[in-house]
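**Q** Would you mind keeping the following structure in view while I ask a few things?
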Amino acid sequence: MKLKFVYSKSFELTRVKDTLKRHDWFMSQGYNIKLPEGITKDSTDKELRAQIKKEYNEGKFQKEVVKISKKFSKYAEVFSNKLKEVFKKGVPKTVTVYLTIYGVGGSYLQPAKVIFNIAHNYDGAKTIAHEIIHLMIEDS
């Protein structure tokens, strides 16, 4: 299994908007969410874009890609084989990982997309593996 990383200001905007839509639910479930500084449910698109642009740091994402890739590659084959064994089906050859600094710690989208929030300081490789397991369970 390979990981393909995606990160951009436009994805950050999408992530913030989605988080704001589900803000009340996240809070009621005890999730720790991160939003751009000063942003609330009443913020305009212009305010969102400006704050995301201000906070966006491409170098931070690049460093995280290297760190996650190095760790995940050490156990990707064993992990894939275990998933096949447990779920009795094929696993995605490639999982697209969207990196963000907003929202909750991790999320997943069918068929093979994972979102990982690098700002929460979780172990990226472990969180991504956790979200991949969710993908496999939901697809069962």
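Scheme for the structure tokens: letters A, B, ... for chains in order shown; per-chain residue numbers from 1; ligand numbers from 1 in order shown.
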Give me, as JSON lines, the closest atom pair and its distance (Å, one decimal) for every residue of segment 49-89 of chain A within a cut-off of 12 Å of segment 5-27 of chain A, counting only C-alpha atoms, rows sorted by chain and rising number.

**A**
{"residue": "A:Arg49", "atom": "CA", "partner": "A:Leu13", "partner_atom": "CA", "distance": 6.7}
{"residue": "A:Ala50", "atom": "CA", "partner": "A:Leu13", "partner_atom": "CA", "distance": 10.1}
{"residue": "A:Gln51", "atom": "CA", "partner": "A:Leu13", "partner_atom": "CA", "distance": 9.8}
{"residue": "A:Ile52", "atom": "CA", "partner": "A:Lys9", "partner_atom": "CA", "distance": 6.8}
{"residue": "A:Lys53", "atom": "CA", "partner": "A:Lys9", "partner_atom": "CA", "distance": 6.8}
{"residue": "A:Lys54", "atom": "CA", "partner": "A:Lys9", "partner_atom": "CA", "distance": 10.2}
{"residue": "A:Glu55", "atom": "CA", "partner": "A:Lys9", "partner_atom": "CA", "distance": 9.6}
{"residue": "A:Tyr56", "atom": "CA", "partner": "A:Lys9", "partner_atom": "CA", "distance": 6.9}
{"residue": "A:Asn57", "atom": "CA", "partner": "A:Lys9", "partner_atom": "CA", "distance": 9.4}
{"residue": "A:Glu58", "atom": "CA", "partner": "A:Ser8", "partner_atom": "CA", "distance": 8.1}
{"residue": "A:Gly59", "atom": "CA", "partner": "A:Tyr7", "partner_atom": "CA", "distance": 11.0}
{"residue": "A:Lys60", "atom": "CA", "partner": "A:Tyr7", "partner_atom": "CA", "distance": 10.6}
{"residue": "A:Phe61", "atom": "CA", "partner": "A:Tyr7", "partner_atom": "CA", "distance": 7.3}
{"residue": "A:Gln62", "atom": "CA", "partner": "A:Tyr7", "partner_atom": "CA", "distance": 9.2}
{"residue": "A:Lys63", "atom": "CA", "partner": "A:Phe5", "partner_atom": "CA", "distance": 11.8}
{"residue": "A:Glu64", "atom": "CA", "partner": "A:Phe5", "partner_atom": "CA", "distance": 9.9}
{"residue": "A:Val65", "atom": "CA", "partner": "A:Phe5", "partner_atom": "CA", "distance": 7.0}
{"residue": "A:Val66", "atom": "CA", "partner": "A:Phe5", "partner_atom": "CA", "distance": 10.2}
{"residue": "A:Ile68", "atom": "CA", "partner": "A:Phe5", "partner_atom": "CA", "distance": 9.9}
{"residue": "A:Ser69", "atom": "CA", "partner": "A:Phe5", "partner_atom": "CA", "distance": 9.3}

**Q** Considering only C-alpha atoms, return as a VMD selection string whatever protein or nucleic-acid residues lie within 9 Å of segment 77-88 of chain A, sequence-local ones (same chain, fewer than 5 positions apart) excluded.

**A** chain A and resid 1 93 129 133 136 to 137 140

**Q** Among segment 8-138 of chain A, which ones does DSSP place in strand (DSSP E or B), written as a list in words?

**A**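 Filtering segment 8-138 of chain A to strand (DSSP E or B) leaves Lys34, Thr94, Val95, Thr96, Val97, Tyr98, Leu99, Thr100, Gly103, Gly106, Ser107, Tyr108, Leu109, Lys113, Val114, Ile115, Phe116 and Asn117 of chain A.
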
**Q** From the set A:Asn32, A:Leu135, A:Lys41, A:Thr94, which residue has the shortest atom-to-atom contact distance to His120 of chain A, counting only C-alpha atoms?

**A**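 Looking only at the distances to His120 of chain A, the closest residue turns out to be A:Asn32.
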